[in-house]
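J.: I'm passing along protein12.tsv; it holds TSV, C-alpha atoms.
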```
chain	number	residue	atom	x	y	z
A	1	MET	CA	8.75	11.28	-21.55
A	2	GLY	CA	10.33	14.49	-22.74
A	3	ARG	CA	7.81	16.79	-21.06
A	4	SER	CA	9.01	19.37	-18.57
A	5	GLU	CA	8.02	19.19	-14.90
A	6	GLU	CA	5.57	22.08	-15.32
A	7	GLU	CA	3.93	20.48	-18.37
A	8	PHE	CA	3.64	17.13	-16.63
A	9	VAL	CA	2.20	18.56	-13.41
A	10	SER	CA	-0.24	20.67	-15.39
A	11	GLY	CA	-1.20	17.65	-17.45
A	12	MET	CA	-1.82	15.68	-14.29
A	13	GLY	CA	-4.42	18.23	-13.31
A	14	VAL	CA	-2.71	18.74	-9.95
A	15	LYS	CA	-1.83	22.13	-8.55
A	16	THR	CA	1.91	22.79	-8.33
A	17	ILE	CA	1.78	24.08	-4.75
A	18	GLY	CA	4.14	21.98	-2.66
A	19	LEU	CA	5.37	19.89	-5.61
A	20	ARG	CA	8.54	21.87	-6.26
A	21	LYS	CA	10.22	20.57	-3.12
A	22	LYS	CA	12.95	18.19	-4.24
A	23	LEU	CA	14.63	15.23	-2.64
A	24	LEU	CA	18.14	16.49	-1.88
A	25	LEU	CA	19.70	13.07	-1.47
A	26	SER	CA	22.81	11.79	-3.16
A	27	PHE	CA	23.23	8.39	-4.78
A	28	GLU	CA	26.29	7.84	-2.57
A	29	GLU	CA	24.09	8.07	0.54
A	30	VAL	CA	21.82	5.33	-0.77
A	31	ALA	CA	24.71	3.10	-1.84
A	32	SER	CA	26.90	3.68	1.24
A	33	VAL	CA	28.13	0.72	3.26
A	34	GLU	CA	26.60	2.32	6.35
A	35	ASN	CA	23.16	2.49	4.77
A	36	LEU	CA	23.43	-1.08	3.48
A	37	CYS	CA	24.42	-2.33	6.95
A	38	GLU	CA	21.53	-0.51	8.61
A	39	ALA	CA	19.18	-1.77	5.92
A	40	TRP	CA	20.33	-5.31	6.68
A	41	GLN	CA	19.31	-4.96	10.32
A	42	GLU	CA	15.84	-3.89	9.21
A	43	PHE	CA	15.60	-6.58	6.56
A	44	ILE	CA	16.63	-9.51	8.73
A	45	ALA	CA	13.98	-8.96	11.41
A	46	GLY	CA	11.80	-12.08	11.45
A	47	LYS	CA	13.77	-13.78	8.68
A	48	ARG	CA	16.71	-15.39	10.51
A	49	ASN	CA	15.30	-18.89	10.05
A	50	LYS	CA	15.10	-18.56	6.26
A	51	LYS	CA	17.69	-20.65	4.43
A	52	ASP	CA	18.54	-18.06	1.77
A	53	VAL	CA	18.94	-15.36	4.44
A	54	GLN	CA	21.19	-17.62	6.55
A	55	GLU	CA	23.40	-18.37	3.55
A	56	PHE	CA	23.71	-14.67	2.72
A	57	GLU	CA	24.54	-13.83	6.34
A	58	LEU	CA	27.42	-16.34	6.40
A	59	ARG	CA	29.27	-14.08	3.94
A	60	LEU	CA	27.57	-10.82	4.94
A	61	GLU	CA	30.61	-8.52	4.92
A	62	ASP	CA	31.70	-9.70	1.48
A	63	GLU	CA	28.14	-9.48	0.11
A	64	ILE	CA	27.65	-5.91	1.36
A	65	ALA	CA	31.07	-4.85	0.08
A	66	ALA	CA	30.34	-6.37	-3.34
A	67	LEU	CA	26.89	-4.78	-3.54
A	68	HIS	CA	28.32	-1.40	-2.57
A	69	GLN	CA	31.04	-1.69	-5.22
A	70	ASP	CA	28.58	-2.75	-7.93
A	71	LEU	CA	26.33	0.21	-7.12
A	72	ILE	CA	29.15	2.76	-7.10
A	73	SER	CA	30.69	1.42	-10.31
A	74	GLY	CA	27.34	1.24	-12.10
A	75	GLU	CA	27.62	-2.52	-12.59
A	76	TYR	CA	24.66	-3.47	-10.36
A	77	ARG	CA	21.93	-5.40	-12.17
A	78	HIS	CA	18.66	-6.42	-10.53
A	79	GLY	CA	18.04	-10.16	-10.60
A	80	THR	CA	14.99	-12.26	-11.44
A	81	TYR	CA	12.09	-13.25	-9.18
A	82	GLN	CA	10.79	-16.43	-7.64
A	83	GLU	CA	7.03	-16.70	-8.13
A	84	PHE	CA	4.58	-18.30	-5.69
A	85	SER	CA	0.91	-17.89	-4.79
A	86	ILE	CA	-0.86	-17.08	-1.52
A	87	ASN	CA	-4.50	-16.84	-0.43
A	88	ASP	CA	-4.84	-13.74	1.77
A	89	PRO	CA	-7.80	-13.46	1.43
A	90	LYS	CA	-7.96	-14.09	-2.31
A	91	PRO	CA	-5.37	-15.81	-4.54
A	92	ARG	CA	-2.41	-13.55	-5.28
A	93	LEU	CA	0.85	-14.06	-7.12
A	94	ILE	CA	3.86	-12.97	-5.07
A	95	HIS	CA	7.23	-12.34	-6.68
A	96	LYS	CA	10.20	-12.76	-4.37
A	97	ALA	CA	13.55	-11.19	-5.25
A	98	SER	CA	16.94	-12.50	-4.13
A	99	VAL	CA	18.24	-11.58	-0.67
A	100	ARG	CA	20.77	-9.26	-2.33
A	101	ASP	CA	18.07	-7.37	-4.21
A	102	ARG	CA	15.74	-7.25	-1.22
A	103	LEU	CA	18.56	-5.77	0.86
A	104	LEU	CA	18.87	-3.02	-1.76
A	105	HIS	CA	15.10	-2.47	-1.64
A	106	HIS	CA	15.39	-1.80	2.09
A	107	ALA	CA	18.34	0.53	1.54
A	108	ILE	CA	16.35	2.53	-1.01
A	109	HIS	CA	13.18	2.57	1.10
A	110	ARG	CA	14.85	3.80	4.29
A	111	LYS	CA	16.31	6.80	2.45
A	112	LEU	CA	13.33	7.73	0.27
A	113	TYR	CA	10.40	7.00	2.60
A	114	PRO	CA	10.92	9.94	5.03
A	115	PHE	CA	10.86	12.46	2.17
A	116	PHE	CA	7.73	11.12	0.48
A	117	ALA	CA	5.81	10.25	3.66
A	118	VAL	CA	5.51	13.89	4.71
A	119	LYS	CA	4.16	14.79	1.27
A	120	PHE	CA	1.35	12.24	1.33
A	121	ILE	CA	-2.10	13.44	2.34
A	122	ALA	CA	-3.24	12.76	5.91
A	123	ASP	CA	-6.05	10.49	4.70
A	124	SER	CA	-3.83	8.01	2.87
A	125	PHE	CA	-3.28	5.11	5.29
A	126	SER	CA	-1.60	2.08	3.72
A	127	CYS	CA	2.04	1.06	4.29
A	128	GLN	CA	2.96	4.11	6.35
A	129	ARG	CA	4.43	4.32	9.82
A	130	GLY	CA	1.96	5.41	12.46
A	131	LYS	CA	-1.03	4.77	10.21
A	132	GLY	CA	-2.47	1.48	8.99
A	133	LEU	CA	-5.81	-0.29	8.80
A	134	HIS	CA	-7.18	0.54	12.24
A	135	ARG	CA	-6.53	4.27	11.88
A	136	ALA	CA	-8.24	4.20	8.48
A	137	LEU	CA	-11.29	2.52	10.03
A	138	ARG	CA	-11.47	5.09	12.83
A	139	ARG	CA	-11.13	7.90	10.31
A	140	PHE	CA	-14.01	6.44	8.28
A	141	TYR	CA	-16.24	6.44	11.34
A	142	LEU	CA	-15.40	10.07	12.17
A	143	MET	CA	-16.01	11.19	8.59
A	144	ALA	CA	-19.32	9.33	8.42
A	145	ARG	CA	-20.47	10.95	11.65
A	146	LYS	CA	-19.45	14.39	10.38
A	147	ALA	CA	-21.05	13.97	6.93
A	148	GLY	CA	-24.20	12.63	8.59
A	149	LYS	CA	-24.23	15.51	11.11
A	150	ASN	CA	-24.17	13.09	14.04
A	151	HIS	CA	-26.69	10.75	12.40
A	152	THR	CA	-29.30	13.47	11.79
A	153	VAL	CA	-29.06	13.27	7.98
A	154	THR	CA	-28.32	10.44	5.56
A	155	CYS	CA	-24.63	9.86	4.88
A	156	TRP	CA	-23.84	8.47	1.43
A	157	VAL	CA	-20.62	6.72	0.43
A	158	LEU	CA	-19.04	6.29	-2.99
A	159	LYS	CA	-16.73	3.28	-2.68
A	160	CYS	CA	-14.21	2.47	-5.43
A	161	ASP	CA	-11.58	-0.15	-6.11
A	162	ILE	CA	-8.91	-0.02	-8.83
A	163	ARG	CA	-8.89	-3.02	-11.14
A	164	LYS	CA	-5.64	-5.04	-10.91
A	165	PHE	CA	-3.83	-2.06	-9.43
A	166	PHE	CA	-0.26	-3.34	-9.03
A	167	ALA	CA	-0.37	-5.13	-12.39
A	168	SER	CA	-1.66	-1.96	-14.12
A	169	ILE	CA	0.83	0.64	-12.88
A	170	ASP	CA	2.41	2.35	-15.87
A	171	GLN	CA	6.17	2.29	-15.35
A	172	ALA	CA	6.87	5.26	-17.63
A	173	ILE	CA	4.35	7.46	-15.80
A	174	LEU	CA	5.79	6.37	-12.44
A	175	LEU	CA	9.31	7.29	-13.54
A	176	VAL	CA	8.20	10.74	-14.69
A	177	ILE	CA	6.59	11.29	-11.27
A	178	LEU	CA	9.87	10.29	-9.62
A	179	GLN	CA	12.02	12.38	-11.97
A	180	ARG	CA	10.23	15.56	-11.05
A	181	GLN	CA	10.99	15.06	-7.34
A	182	VAL	CA	14.31	13.19	-7.17
A	183	THR	CA	17.26	15.38	-8.13
A	184	ASP	CA	20.04	12.79	-8.39
A	185	GLY	CA	19.87	11.11	-11.78
A	186	ARG	CA	21.72	8.03	-10.53
A	187	ILE	CA	19.00	7.42	-7.94
A	188	VAL	CA	16.37	7.72	-10.68
A	189	ASP	CA	18.35	5.25	-12.80
A	190	LEU	CA	18.52	2.84	-9.87
A	191	LEU	CA	14.78	3.18	-9.27
A	192	SER	CA	14.23	2.61	-12.97
A	193	GLN	CA	16.18	-0.64	-12.80
A	194	VAL	CA	14.16	-1.84	-9.80
A	195	ILE	CA	10.88	-0.85	-11.46
A	196	ARG	CA	11.75	-2.39	-14.83
A	197	SER	CA	13.01	-5.63	-13.24
A	198	PHE	CA	9.42	-6.88	-13.40
A	199	GLN	CA	6.44	-6.49	-15.69
A	200	THR	CA	3.01	-8.02	-16.10
A	201	GLN	CA	2.98	-6.81	-19.71
A	202	PRO	CA	5.38	-4.49	-21.54
A	203	GLY	CA	5.93	-1.36	-19.45
A	204	LYS	CA	3.34	-2.29	-16.82
A	205	GLY	CA	3.27	-3.54	-13.25
A	206	LEU	CA	5.04	-3.67	-9.91
A	207	PRO	CA	5.67	-6.95	-8.07
A	208	LEU	CA	3.69	-7.81	-4.96
A	209	GLY	CA	6.45	-8.69	-2.52
A	210	ASN	CA	8.95	-5.86	-2.96
A	211	LEU	CA	9.21	-3.37	-0.09
A	212	THR	CA	9.85	-0.68	-2.69
A	213	SER	CA	6.56	-1.56	-4.42
A	214	GLN	CA	4.60	-0.39	-1.39
A	215	LEU	CA	6.28	3.01	-1.42
A	216	LEU	CA	6.16	3.36	-5.21
A	217	ALA	CA	2.45	2.49	-5.26
A	218	ASN	CA	1.75	5.25	-2.73
A	219	ILE	CA	3.84	7.71	-4.75
A	220	TYR	CA	1.87	6.76	-7.87
A	221	LEU	CA	-1.56	7.19	-6.28
A	222	ASP	CA	-0.51	10.32	-4.40
A	223	VAL	CA	-1.02	12.09	-7.73
A	224	PHE	CA	-4.68	11.09	-7.51
A	225	ASP	CA	-4.86	11.97	-3.79
A	226	GLN	CA	-3.59	15.48	-4.51
A	227	PHE	CA	-6.13	15.85	-7.32
A	228	VAL	CA	-8.93	14.87	-4.93
A	229	LYS	CA	-7.85	17.21	-2.15
A	230	HIS	CA	-6.67	20.26	-4.11
A	231	ASP	CA	-8.60	20.19	-7.39
A	232	LEU	CA	-11.82	18.45	-6.46
A	233	ARG	CA	-11.50	19.97	-2.96
A	234	TRP	CA	-13.12	16.90	-1.46
A	235	GLY	CA	-12.39	16.68	2.26
A	236	SER	CA	-14.26	13.46	3.13
A	237	TYR	CA	-12.02	11.05	1.27
A	238	ILE	CA	-10.00	8.07	2.53
A	239	ARG	CA	-7.63	5.81	0.63
A	240	TYR	CA	-6.08	2.56	1.77
A	241	ALA	CA	-3.94	1.02	-1.01
A	242	ASP	CA	-6.25	0.84	-4.05
A	243	ASP	CA	-9.51	1.02	-2.05
A	244	PHE	CA	-10.95	4.48	-1.49
A	245	VAL	CA	-14.19	6.15	-0.43
A	246	PHE	CA	-15.86	9.54	-0.74
A	247	LEU	CA	-18.52	10.54	1.80
A	248	SER	CA	-21.29	13.14	1.49
A	249	ALA	CA	-24.83	13.94	2.61
A	250	ASP	CA	-25.59	14.79	-1.05
A	251	VAL	CA	-25.87	11.66	-3.19
A	252	SER	CA	-26.10	13.68	-6.42
A	253	SER	CA	-22.67	15.21	-5.75
A	254	LEU	CA	-21.18	11.72	-5.53
A	255	GLU	CA	-22.89	10.74	-8.79
A	256	ARG	CA	-21.39	13.80	-10.49
A	257	LEU	CA	-17.99	13.05	-8.96
A	258	LEU	CA	-17.65	9.52	-10.28
A	259	PRO	CA	-17.07	10.38	-13.98
A	260	ARG	CA	-14.31	12.86	-13.01
A	261	VAL	CA	-12.62	10.24	-10.85
A	262	ARG	CA	-12.89	7.62	-13.57
A	263	LYS	CA	-11.52	9.97	-16.24
A	264	PHE	CA	-8.56	11.20	-14.17
A	265	LEU	CA	-7.44	7.69	-13.28
A	266	ALA	CA	-7.74	6.49	-16.88
A	267	VAL	CA	-6.18	9.46	-18.66
A	268	ARG	CA	-3.47	10.49	-16.19
A	269	LEU	CA	-2.51	7.23	-14.48
A	270	SER	CA	-3.68	4.58	-16.97
A	271	LEU	CA	-5.84	2.90	-14.30
A	272	GLN	CA	-9.38	1.57	-14.46
A	273	LEU	CA	-11.97	1.26	-11.71
A	274	HIS	CA	-13.15	-2.27	-11.03
A	275	PRO	CA	-16.54	-2.42	-12.80
A	276	SER	CA	-18.23	-4.52	-10.10
A	277	LYS	CA	-16.71	-2.73	-7.10
A	278	VAL	CA	-17.98	0.83	-7.61
A	279	ILE	CA	-20.86	1.32	-5.19
A	280	ILE	CA	-22.92	4.26	-3.91
A	281	LYS	CA	-24.94	3.46	-0.81
A	282	THR	CA	-25.87	4.79	2.61
A	283	VAL	CA	-23.92	4.12	5.77
A	284	ALA	CA	-27.20	3.10	7.42
A	285	SER	CA	-27.49	0.18	4.98
A	286	GLY	CA	-23.93	-0.98	5.70
A	287	VAL	CA	-20.78	-0.09	3.74
A	288	ASP	CA	-18.20	-2.83	3.17
A	289	PHE	CA	-14.79	-1.16	3.50
A	290	LEU	CA	-11.43	-2.70	4.49
A	291	GLY	CA	-12.85	-5.96	5.78
A	292	TRP	CA	-15.60	-4.40	7.91
A	293	VAL	CA	-19.24	-3.58	7.22
A	294	HIS	CA	-19.79	-0.08	8.60
A	295	PHE	CA	-23.11	1.17	9.93
A	296	ALA	CA	-24.01	4.52	11.47
A	297	ASP	CA	-23.02	3.58	15.01
A	298	HIS	CA	-21.03	0.35	14.75
A	299	ALA	CA	-19.07	-1.93	12.45
A	300	VAL	CA	-18.98	-5.72	12.10
A	301	PRO	CA	-16.43	-7.93	10.32
A	302	ARG	CA	-17.75	-8.99	6.95
A	303	THR	CA	-18.81	-12.59	6.42
A	304	LYS	CA	-15.79	-13.48	4.25
A	305	THR	CA	-13.44	-12.12	6.92
A	306	ARG	CA	-15.09	-14.20	9.65
A	307	ARG	CA	-14.98	-17.34	7.52
A	308	ARG	CA	-11.31	-16.80	6.70
A	309	MET	CA	-10.41	-16.32	10.39
A	310	LEU	CA	-12.26	-19.47	11.43
A	311	LYS	CA	-10.67	-21.51	8.64
A	312	ARG	CA	-7.17	-20.38	9.57
A	313	ILE	CA	-7.66	-20.97	13.31
A	314	ARG	CA	-9.01	-24.47	12.65
A	315	ALA	CA	-6.13	-25.32	10.33
A	316	SER	CA	-3.34	-23.75	12.40
A	317	PRO	CA	-4.31	-22.66	15.95
A	318	ARG	CA	-1.25	-20.55	16.79
A	319	ASP	CA	-0.95	-18.08	19.67
A	320	GLU	CA	0.23	-15.20	17.48
A	321	THR	CA	-2.67	-15.74	15.06
A	322	ILE	CA	-5.40	-15.63	17.69
A	323	ARG	CA	-3.80	-12.59	19.36
A	324	SER	CA	-3.69	-10.77	16.02
A	325	TYR	CA	-7.31	-11.58	15.22
A	326	LEU	CA	-8.63	-10.65	18.67
A	327	GLY	CA	-6.71	-7.38	18.51
A	328	MET	CA	-8.29	-6.57	15.16
A	329	LEU	CA	-11.79	-7.50	16.34
A	330	ARG	CA	-11.57	-5.06	19.25
A	331	HIS	CA	-11.96	-2.25	16.71
A	332	GLY	CA	-15.59	-3.12	15.99
A	333	ASP	CA	-18.73	-4.78	17.30
A	334	ALA	CA	-17.54	-8.37	17.35
A	335	PHE	CA	-17.82	-9.57	20.96
A	336	GLY	CA	-19.86	-12.65	20.09
A	337	PHE	CA	-17.60	-13.64	17.19
A	338	SER	CA	-14.48	-13.09	19.34
A	339	ASP	CA	-15.82	-15.63	21.83
A	340	ARG	CA	-16.55	-18.08	19.04
A	341	LEU	CA	-13.04	-17.62	17.65
A	342	LYS	CA	-11.49	-18.26	21.08
A	343	ASN	CA	-13.58	-21.41	21.51
A	344	GLU	CA	-12.45	-22.71	18.11
A	345	PHE	CA	-8.85	-21.91	19.01
A	346	TRP	CA	-8.90	-23.92	22.25
A	347	LEU	CA	-10.89	-26.74	20.67
A	348	HIS	CA	-8.46	-27.26	17.79
A	349	ARG	CA	-5.34	-26.56	19.80
A	350	SER	CA	-6.15	-29.39	22.21
A	351	ARG	CA	-6.36	-31.97	19.44
```
Could I get this file's structure written as structure tokens?
T.:
Amino acid sequence: MGRSEEEFVSGMGVKTIGLRKKLLLSFEEVASVENLCEAWQEFIAGKRNKKDVQEFELRLEDEIAALHQDLISGEYRHGTYQEFSINDPKPRLIHKASVRDRLLHHAIHRKLYPFFAVKFIADSFSCQRGKGLHRALRRFYLMARKAGKNHTVTCWVLKCDIRKFFASIDQAILLVILQRQVTDGRIVDLLSQVIRSFQTQPGKGLPLGNLTSQLLANIYLDVFDQFVKHDLRWGSYIRYADDFVFLSADVSSLERLLPRVRKFLAVRLSLQLHPSKVIIKTVASGVDFLGWVHFADHAVPRTKTRRRMLKRIRASPRDETIRSYLGMLRHGDAFGFSDRLKNEFWLHRSR
């Protein structure tokens, strides 16, 4: 990790335009009592009924004062994680930090996010304010219509998925990326402690469950995004977390692109594409992307998504769940399924 910024950026294969802007933020701003108090207000939203949060809040002033002092003195040490599994939609291991550590994650995020968010490309949509899944889906439709010249030519899509993305993130590479943009060494050291508090194997992985993991994952893959936009000069590209697509009317160009994508991810970011989730197909035949199957003029929720919604409604028919699902279904051609979902909701709620 002794390479200079210029050597690292050059090695990444990313142009240096716009990368010299630094984060002019002091460690004291991150560790300040004011920032910790404001971070608490963000953290506690929706968590007031949690036992560990309630216990922390009973001694809130003392906890914040102690955390502030540990940070300033350099004595702060990140704790361990509680592991549990969820099925949303597939089985995932979640690692939950202590309330104290999660409060620090919020304090870090609220200071670093504004700087990095403006540097991300417009077509990166996950875990960012004002973006999200629905905007990504609308962007896909607009790109498909443009590439297909309003449905007058065939639009092809190269769809990729990174294999075990969070578990495969190289912590050393991530820290080098951060070092070239964050000027305060104490902030880098703090980020290093958060990053190295967890590993799936030596020097690898970020925990699903940390707020900071969402931001750090976007910072990590922004290196790839910049490569796509500025080196490959590929305009029709969308990324949501570790799922991404390239669109073109020329299928051969997508076939030539794939080896370059695969090589960059492997060599520069130590990531591998999922071998069974790399697909080149036409929009007319239906492209499965972000839970929807997209066609030239409409999109329908994929079969697994519909089954998962029905299963959850039958098991726990809650108002907030049905509202969330119906809101999501309004973004595609799902009128018939929406009616079925509402019928299941009222049927199981009345039991």
J.: Around all the atoms of segment 33-52 of chain A listed in the file, draw an axis-aligned box and extend it by 4 Å on each of the six sides; I want its centre and edge lengths in Å to one decimal, as lines of an AutoDock Vina configuration file.
T.:
```
center_x = 20.0
center_y = -9.1
center_z = 6.6
size_x = 24.3
size_y = 31.1
size_z = 17.7
```
J.: Counting all atoms listed in the file, I want the residues whose atoms come within 10 Å of (22.9, -1.3, 0.4) in the file frame, returned as a list in words.
T.: Glu29, Val30, Ala31, Ser32, Val33, Glu34, Asn35, Leu36, Cys37, Glu38, Ala39, Trp40, Glu63, Ile64, Ala65, Ala66, Leu67, His68, Gln69, Leu71, Arg100, Asp101, Arg102, Leu103, Leu104, His105, His106, Ala107 and Ile108 of chain A
J.: Contacts of Arg233 of chain A at 12 Å or less, counting all atoms listed in the file, minus same-chain residues fewer than 3 places along, as an NGL selection string?
T.: :A and (14-15 or 225-230 or 236-237 or 246 or 257)
J.: I'd like the neighbourhood of segment 323-325 of chain A as a list of chain:residue names, where a residue qualifies if any of its atoms comes within 10 Å (using all atoms listed in the file), though same-chain residues fewer than 4 positions away should be ignored.
T.: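 Here the answer would be A:Arg306, A:Met309, A:Ile313, A:Arg318, A:Asp319, A:Leu329, A:Arg330, A:Ser338, A:Leu341, A:Lys342.
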J.: Neighbours of Arg180 of chain A within 8 Å (only C-alpha atoms; same-chain residues fewer than 3 positions away dropped), as number ranges by chain?
T.: A: 5, 22, 176-177, 183
J.: Could you jot down the atom CA of Val287 of chain A to atom CA of Leu265 of chain A separation for me, Å, one decimal place?
T.: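 Between atom CA of Val287 of chain A and atom CA of Leu265 of chain A the gap works out to 23.0 Å.
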J.: Separation of atom CA of Lys50 of chain A and atom CA of Gly79 of chain A, in Å?
T.: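 Computing the Euclidean distance for atom CA of Lys50 of chain A and atom CA of Gly79 of chain A yields 19.1 Å.
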J.: Between atom CA of Ala97 of chain A and atom CA of Arg110 of chain A, what distance in Å does the model show, to one decimal?
T.: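 So the two atoms, atom CA of Ala97 of chain A and atom CA of Arg110 of chain A, lie 17.8 Å apart.
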J.: Please return as a VMD selection string every residue within 6 Å of (10.9, -15.3, -4.0), taking into account all atoms listed in the file and the file's own coordinates.
T.: chain A and resid 81 to 83 95 to 97
J.: Quick one: of A:Val157, A:Ser252, A:Lys304, A:Lys119, who's nearest to Lys90 of chain A, counting all atoms listed in the file?
T.: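 With all atoms listed in the file as the atom set, the closest residue is A:Lys304.
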J.: Can you pull out every residue within 9 Å of Gly286 of chain A, counting only C-alpha atoms, but drop anything in the same chain fewer than 3 positions away, and send it as a list of chain:residue names?
T.: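 In the requested format, the answer is A:Lys281, A:Thr282, A:Val283, A:Val293, A:His294, A:Phe295, A:Ala296, A:Ala299.
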